[in-house]
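A.B. asks: Handing you this structure, nothing more for now.
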Amino acid sequence: MDANKKKEGKFNISKLLTPLIFPVVIWIVHLLSLLFNEDLSKLGLLPRNLVGLLGIFTSPLIHADFSHLISNTIPLIILGWIIFSFYPKVSYMLFLFIYFFTGLLVWIFARQVFHIGASGVVYGFVSFLFFSGIFRRDNTSIALALVITFLYGGLVWGMIPGWKGISWESHLFGAITGLSAAYLFRKIDPPSKKYDWEDEPDDFDVKDLEVSYDPEKNKFNNL
């Protein structure tokens, strides 16, 4: 195996394993909280409270129960794999952007209750992939946007106020942050190159069929 193939193999493995890091971390945090019988909700994000500022960094790591944890883990893995595979240059920056600014907006504008869970990151990923299709307008981004709409279009209801026990603000501001990231990073990771056959001129030219009739020679001539 040559060096290029080895490098490509490592790159592919990296794309598969890297999106698992954050889901693994939130599972470790939850299992440790159960092991030591610790209620970590106090480390959640409490808006407009100086102590609650810490929650910008800690709240996505904390989940109420296994149902809450699993509901975020599956989309994080799927969406993370898509982003690291199709937008590799922006992936790390995107994660940090959504993680931090979603929390910051929740801290500034949300209800003054403790907000926990990684659903804001999930909504940020979904929003980024959807709006990247609109802003970039290349075939790959549009196709991904359609897939995301099919898989996660129903998440839009989670941004509507009034759901008991759900931080709809995290969902809303995650979506807003993802939209902003899609616009700001729209020129990073340009569209895939066209296939060679797309750039080749057509062998068949309509002009070759344009003819005139010469009555003196009793034959047709190409124009």
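Within each chain, counting starts at residue 1; across the structure tokens, chains are named A, B, ... in the order shown, with ligands numbered 1 upward in that order.
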Contacts of segment 163-179 of chain A at 7 Å or less, counting only C-alpha atoms, minus same-chain residues fewer than 6 places along, as a list of chain:residue names?
C.D. replies: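 Everything that qualifies: A:Ile98, A:Phe101, A:Thr102, A:Leu105, A:Val106, A:Ala110, A:His115, A:Ser119, A:Gly120, A:Val121, A:Tyr123, A:Gly124, A:Phe125, A:Ser127, A:Phe128, A:Phe131.
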A.B. asks: Write out, as a short mmCIF file (atom, residue, chain, number, x, y, z; two decimals), in the first residue's frame, the residues just selected, with C-alpha atoms.
C.D. replies:
```cif
data_model
loop_
_atom_site.label_atom_id
_atom_site.label_comp_id
_atom_site.auth_asym_id
_atom_site.auth_seq_id
_atom_site.Cartn_x
_atom_site.Cartn_y
_atom_site.Cartn_z
CA ILE A 98 -22.67 26.21 17.50
CA PHE A 101 -23.04 30.79 20.60
CA THR A 102 -26.13 28.66 21.20
CA LEU A 105 -27.90 33.27 23.24
CA VAL A 106 -29.78 31.02 25.65
CA ALA A 110 -34.07 32.37 27.57
CA HIS A 115 -31.33 24.44 30.66
CA SER A 119 -30.31 19.36 21.72
CA GLY A 120 -29.15 22.88 20.88
CA VAL A 121 -26.13 21.37 19.12
CA TYR A 123 -30.63 21.77 16.05
CA GLY A 124 -27.53 23.74 15.07
CA PHE A 125 -26.25 20.83 12.94
CA SER A 127 -29.98 24.04 10.54
CA PHE A 128 -26.43 24.27 9.16
CA PHE A 131 -29.27 26.27 4.98
#
```
A.B. asks: Between atom CA of Gly44 of chain A and atom CA of Gly117 of chain A, what is the distance, to one decimal in Å?
C.D. replies: 8.4 Å
A.B. asks: With a distance cut-off of 12 Å and only C-alpha atoms, select the neighbouring residues of Pro19 of chain A, excluding the residue or stretch itself and same-chain residues fewer than 6 positions from it, and output the selection as a ChimeraX atom specification.
C.D. replies: /A:12-13,25,73-85,88,91-92,95
A.B. asks: If we count only C-alpha atoms, what is near segment 143-158 of chain A at a cut-off of 7 Å, once residues fewer than 3 positions away on the same chain are taken out, given as a VMD selection string?
C.D. replies: chain A and resid 126 129 to 130 133 139 to 140 168 171
A.B. asks: With N, CA and C atoms retained, write the just-selected residues as a PDB file, in the first residue's frame.
C.D. replies:
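result-v3.pdb, freshly written:
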```pdb
ATOM      1  N   VAL A 126     -28.545  20.465  12.242  1.00  0.00           N
ATOM      2  CA  VAL A 126     -29.634  20.339  11.263  1.00  0.00           C
ATOM      3  C   VAL A 126     -29.796  21.628  10.479  1.00  0.00           C
ATOM      4  N   LEU A 129     -26.864  22.212   7.950  1.00  0.00           N
ATOM      5  CA  LEU A 129     -26.947  21.373   6.751  1.00  0.00           C
ATOM      6  C   LEU A 129     -28.075  21.817   5.834  1.00  0.00           C
ATOM      7  N   PHE A 130     -29.185  22.222   6.411  1.00  0.00           N
ATOM      8  CA  PHE A 130     -30.311  22.666   5.585  1.00  0.00           C
ATOM      9  C   PHE A 130     -29.989  23.967   4.859  1.00  0.00           C
ATOM     10  N   GLY A 133     -27.442  24.117   1.923  1.00  0.00           N
ATOM     11  CA  GLY A 133     -27.999  23.817   0.605  1.00  0.00           C
ATOM     12  C   GLY A 133     -28.549  25.046  -0.078  1.00  0.00           C
ATOM     13  N   ASN A 139     -24.736  20.807  -5.962  1.00  0.00           N
ATOM     14  CA  ASN A 139     -25.552  19.596  -5.953  1.00  0.00           C
ATOM     15  C   ASN A 139     -25.462  18.831  -4.644  1.00  0.00           C
ATOM     16  N   THR A 140     -24.248  18.714  -4.093  1.00  0.00           N
ATOM     17  CA  THR A 140     -24.062  17.951  -2.861  1.00  0.00           C
ATOM     18  C   THR A 140     -24.797  18.594  -1.696  1.00  0.00           C
ATOM     19  N   TRP A 168     -37.173  24.867  24.606  1.00  0.00           N
ATOM     20  CA  TRP A 168     -37.400  25.253  23.212  1.00  0.00           C
ATOM     21  C   TRP A 168     -36.464  26.385  22.801  1.00  0.00           C
ATOM     22  N   HIS A 171     -33.402  24.925  21.339  1.00  0.00           N
ATOM     23  CA  HIS A 171     -33.692  24.487  19.978  1.00  0.00           C
ATOM     24  C   HIS A 171     -33.696  25.676  19.017  1.00  0.00           C
TER      25      HIS A 171
END
```
A.B. asks: Mind checking DSSP for segment 69-132 of chain A and telling me the helix (DSSP H, G or I) residues as a PyMOL selection string?
C.D. replies: chain A and resi 69-86+91-109+119-132
A.B. asks: Please list as a ChimeraX atom specification every residue within 12 Å of Leu61 of chain A, counting only C-alpha atoms and excluding residues in the same chain fewer than 2 positions away.
C.D. replies: /A:22-33,40-41,43-45,54-59,63-64,68-69,72-73,99,103,115-121
A.B. asks: Identify which of the residues A:Ala181, A:Leu50, A:Ile188, A:Ile108 lies closest to Leu96 of chain A, counting only C-alpha atoms when measuring atom-to-atom distances.
C.D. replies: A:Ala181
A.B. asks: Mind giving me the straight-line distance from atom CA of Pro161 of chain A to atom CA of Ile70 of chain A in Å, one decimal?
C.D. replies: 22.9 Å
A.B. asks: Between atom CA of Tyr183 of chain A and atom CA of Leu17 of chain A, what is the distance in Å, rounded to a tenth?
C.D. replies: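 Atom CA of Tyr183 of chain A sits 27.0 Å away from atom CA of Leu17 of chain A.
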A.B. asks: Out of segment 40-212 of chain A, which residues get strand (DSSP E or B) from DSSP, as an mmCIF file with C-alpha atoms, in the first residue's frame?
C.D. replies:
```cif
data_model
loop_
_atom_site.group_PDB
_atom_site.id
_atom_site.type_symbol
_atom_site.label_atom_id
_atom_site.label_comp_id
_atom_site.auth_asym_id
_atom_site.auth_seq_id
_atom_site.Cartn_x
_atom_site.Cartn_y
_atom_site.Cartn_z
ATOM 1 C CA LEU A 45 -27.277 26.962 32.075
ATOM 2 C CA HIS A 115 -31.327 24.439 30.664
ATOM 3 C CA VAL A 211 -27.715 22.291 -45.016
ATOM 4 C CA SER A 212 -28.573 24.158 -48.187
#
```
